[in-house]
$ cat upload_28.pdb   # PDB, C-alpha atoms, pLDDT in the B column
ATOM      1  CA  MET A  16    -122.436  43.781 139.221  1.00 73.00           C
ATOM      2  CA  LYS A  17    -119.609  45.772 137.654  1.00 80.00           C
ATOM      3  CA  ILE A  18    -117.355  44.025 135.136  1.00 83.00           C
ATOM      4  CA  ASP A  19    -113.601  44.648 135.330  1.00 88.00           C
ATOM      5  CA  ILE A  20    -112.636  43.519 131.838  1.00 89.00           C
ATOM      6  CA  ASN A  21    -108.960  44.353 132.372  1.00 89.00           C
ATOM      7  CA  HIS A  22    -108.812  42.017 135.372  1.00 91.00           C
ATOM      8  CA  ILE A  23    -110.546  39.256 133.402  1.00 90.00           C
ATOM      9  CA  ALA A  24    -108.148  39.805 130.494  1.00 91.00           C
ATOM     10  CA  LYS A  25    -105.153  39.585 132.844  1.00 91.00           C
ATOM     11  CA  LEU A  26    -106.416  36.340 134.406  1.00 93.00           C
ATOM     12  CA  SER A  27    -107.041  34.794 130.992  1.00 92.00           C
ATOM     13  CA  ARG A  28    -103.791  36.191 129.577  1.00 93.00           C
ATOM     14  CA  LEU A  29    -105.544  38.096 126.808  1.00 91.00           C
ATOM     15  CA  LYS A  30    -104.618  41.485 125.431  1.00 91.00           C
ATOM     16  CA  PHE A  31    -107.248  43.884 124.135  1.00 87.00           C
ATOM     17  CA  SER A  32    -107.056  47.302 122.614  1.00 91.00           C
ATOM     18  CA  ASP A  33    -109.011  49.980 124.494  1.00 91.00           C
ATOM     19  CA  ASP A  34    -111.820  49.786 121.920  1.00 94.00           C
ATOM     20  CA  GLU A  35    -112.008  45.994 122.170  1.00 93.00           C
ATOM     21  CA  ALA A  36    -111.965  46.123 125.971  1.00 91.00           C
ATOM     22  CA  LYS A  37    -114.874  48.569 126.002  1.00 92.00           C
ATOM     23  CA  LYS A  38    -116.823  46.426 123.501  1.00 94.00           C
ATOM     24  CA  PHE A  39    -116.260  43.201 125.492  1.00 92.00           C
ATOM     25  CA  GLU A  40    -117.075  44.946 128.757  1.00 92.00           C
ATOM     26  CA  ASN A  41    -120.417  46.125 127.330  1.00 92.00           C
ATOM     27  CA  GLU A  42    -121.198  42.663 125.935  1.00 93.00           C
ATOM     28  CA  MET A  43    -120.375  40.914 129.205  1.00 92.00           C
ATOM     29  CA  GLN A  44    -122.396  43.471 131.150  1.00 92.00           C
ATOM     30  CA  SER A  45    -125.433  42.866 128.927  1.00 93.00           C
ATOM     31  CA  ILE A  46    -125.087  39.095 129.470  1.00 93.00           C
ATOM     32  CA  LEU A  47    -124.954  39.560 133.245  1.00 91.00           C
ATOM     33  CA  ASP A  48    -127.956  41.883 133.124  1.00 91.00           C
ATOM     34  CA  MET A  49    -129.898  39.263 131.176  1.00 91.00           C
ATOM     35  CA  VAL A  50    -128.990  36.523 133.666  1.00 90.00           C
ATOM     36  CA  GLU A  51    -129.947  38.713 136.623  1.00 88.00           C
ATOM     37  CA  ASN A  52    -133.387  39.240 135.045  1.00 87.00           C
ATOM     38  CA  LEU A  53    -134.145  35.527 134.649  1.00 83.00           C
ATOM     39  CA  PRO A  54    -137.123  34.378 136.712  1.00 76.00           C
ATOM     40  CA  PRO A  55    -136.424  32.553 139.970  1.00 76.00           C
ATOM     41  CA  MET A  56    -136.341  28.773 139.757  1.00 72.00           C
ATOM     42  CA  GLU A  57    -139.501  28.574 141.857  1.00 72.00           C
ATOM     43  CA  ASP A  58    -141.400  30.378 139.067  1.00 66.00           C
ATOM     44  CA  ILE A  59    -140.182  28.038 136.319  1.00 67.00           C
ATOM     45  CA  GLY A  60    -142.796  25.428 137.249  1.00 66.00           C
ATOM     46  CA  ALA A  61    -145.547  27.791 136.082  1.00 67.00           C
ATOM     47  CA  LEU A  62    -143.989  27.867 132.618  1.00 68.00           C
ATOM     48  CA  ILE A  63    -144.076  24.089 132.114  1.00 73.00           C
ATOM     49  CA  ASP A  64    -147.107  22.683 130.327  1.00 74.00           C
ATOM     50  CA  PRO A  65    -148.471  19.727 132.356  1.00 76.00           C
ATOM     51  CA  GLU A  66    -150.091  18.330 129.193  1.00 81.00           C
ATOM     52  CA  ASN A  67    -146.685  18.006 127.486  1.00 76.00           C
ATOM     53  CA  PRO A  68    -144.117  17.116 130.150  1.00 74.00           C
ATOM     54  CA  MET A  69    -140.516  16.944 129.066  1.00 76.00           C
ATOM     55  CA  GLU A  70    -138.770  13.640 129.523  1.00 80.00           C
ATOM     56  CA  MET A  71    -135.053  13.137 129.598  1.00 81.00           C
ATOM     57  CA  ARG A  72    -133.714  10.508 127.260  1.00 85.00           C
ATOM     58  CA  LYS A  73    -131.822   7.594 128.746  1.00 89.00           C
ATOM     59  CA  ASP A  74    -128.081   7.961 128.648  1.00 90.00           C
ATOM     60  CA  GLU A  75    -126.929   4.895 126.766  1.00 91.00           C
ATOM     61  CA  ALA A  76    -123.451   4.347 125.358  1.00 89.00           C
ATOM     62  CA  VAL A  77    -123.540   3.248 121.738  1.00 88.00           C
ATOM     63  CA  ASN A  78    -120.496   2.189 119.761  1.00 86.00           C
ATOM     64  CA  LEU A  79    -121.137   3.500 116.262  1.00 90.00           C
ATOM     65  CA  TYR A  80    -117.644   2.880 114.927  1.00 90.00           C
ATOM     66  CA  LYS A  81    -115.027   0.201 115.359  1.00 90.00           C
ATOM     67  CA  ARG A  82    -111.755   1.242 116.966  1.00 89.00           C
ATOM     68  CA  ASP A  83    -109.782   0.250 113.858  1.00 90.00           C
ATOM     69  CA  GLU A  84    -111.917   2.541 111.691  1.00 91.00           C
ATOM     70  CA  LEU A  85    -111.341   5.500 114.020  1.00 90.00           C
ATOM     71  CA  LEU A  86    -107.617   4.889 114.423  1.00 93.00           C
ATOM     72  CA  ALA A  87    -107.188   4.615 110.652  1.00 93.00           C
ATOM     73  CA  ASN A  88    -107.494   8.418 110.487  1.00 89.00           C
ATOM     74  CA  ALA A  89    -104.889   9.082 113.184  1.00 92.00           C
ATOM     75  CA  LYS A  90    -101.434  10.235 112.184  1.00 92.00           C
ATOM     76  CA  GLN A  91     -99.751   8.019 114.788  1.00 93.00           C
ATOM     77  CA  THR A  92    -101.087   5.292 117.084  1.00 94.00           C
ATOM     78  CA  GLN A  93     -99.626   3.142 119.812  1.00 93.00           C
ATOM     79  CA  ALA A  94    -101.280   0.324 121.787  1.00 92.00           C
ATOM     80  CA  GLY A  95    -104.702   1.164 120.337  1.00 90.00           C
ATOM     81  CA  CYS A  96    -104.496   4.872 121.261  1.00 92.00           C
ATOM     82  CA  VAL A  97    -103.822   8.065 119.320  1.00 93.00           C
ATOM     83  CA  VAL A  98    -100.351   9.530 119.982  1.00 94.00           C
ATOM     84  CA  VAL A  99    -100.353  13.314 120.405  1.00 92.00           C
ATOM     85  CA  PRO A 100     -97.523  15.772 121.030  1.00 90.00           C
ATOM     86  CA  LYS A 101     -96.578  16.456 124.636  1.00 88.00           C
ATOM     87  CA  VAL A 102     -98.025  19.791 125.752  1.00 88.00           C
ATOM     88  CA  VAL A 103     -97.050  19.880 129.435  1.00 86.00           C
ATOM     89  CA  GLU A 104     -93.471  19.783 130.626  1.00 78.00           C
TER      90      GLU A 104
END
$ encode --input "upload_28.pdb" --output "structure tokens"
Amino acid sequence: MKIDINHIAKLSRLKFSDDEAKKFENEMQSILDMVENLPPMEDIGALIDPENPMEMRKDEAVNLYKRDELLANAKQTQAGCVVVPKVVE
């Protein structure tokens, strides 16, 4: 796959010098080459050790801090929430 770094820069509204564009294009190309060389998912099973299976931890919500403690660091709060500047018109 060929990388068009100028198109990507335009879409992301970034400006690069010619040297930077060439550097980023090479880096992105090497990342894509690496991803294309990854083994197929079917072959991943052979890499897993059946003697040491991986187990996912349970996703449990834990409240480590009280709301008042967290809001004490905020510059401005209202109704138990942090007030931030408006960023979208």
$ atom_distance --input "upload_28.pdb" --atom1 "CA of Leu47 (chain A)" --atom2 "CA of Met16 (chain A)"
7.7 Å
$ residues_around --input "upload_28.pdb" --residues "Lys37 (chain A)" --least-positions-apart "3" --cutoff "12 Å" --atoms "all atoms listed in the file" --output "NGL selection string"
:A and (18-21 or 24 or 31-34 or 40-44)
$ atom_distance --input "upload_28.pdb" --atom1 "CA of Glu35 (chain A)" --atom2 "CA of Ile23 (chain A)"
13.2 Å
$ atom_distance --input "upload_28.pdb" --atom1 "CA of Leu85 (chain A)" --atom2 "CA of Lys73 (chain A)"
25.3 Å
$ axis_aligned_box --input "upload_28.pdb" --around "region 96-101 of chain A" --padding-each-side "6 Å" --output "JSON"
{"center_x": -100.5, "center_y": 10.7, "center_z": 122.0, "size_x": 19.9, "size_y": 23.6, "size_z": 17.3}
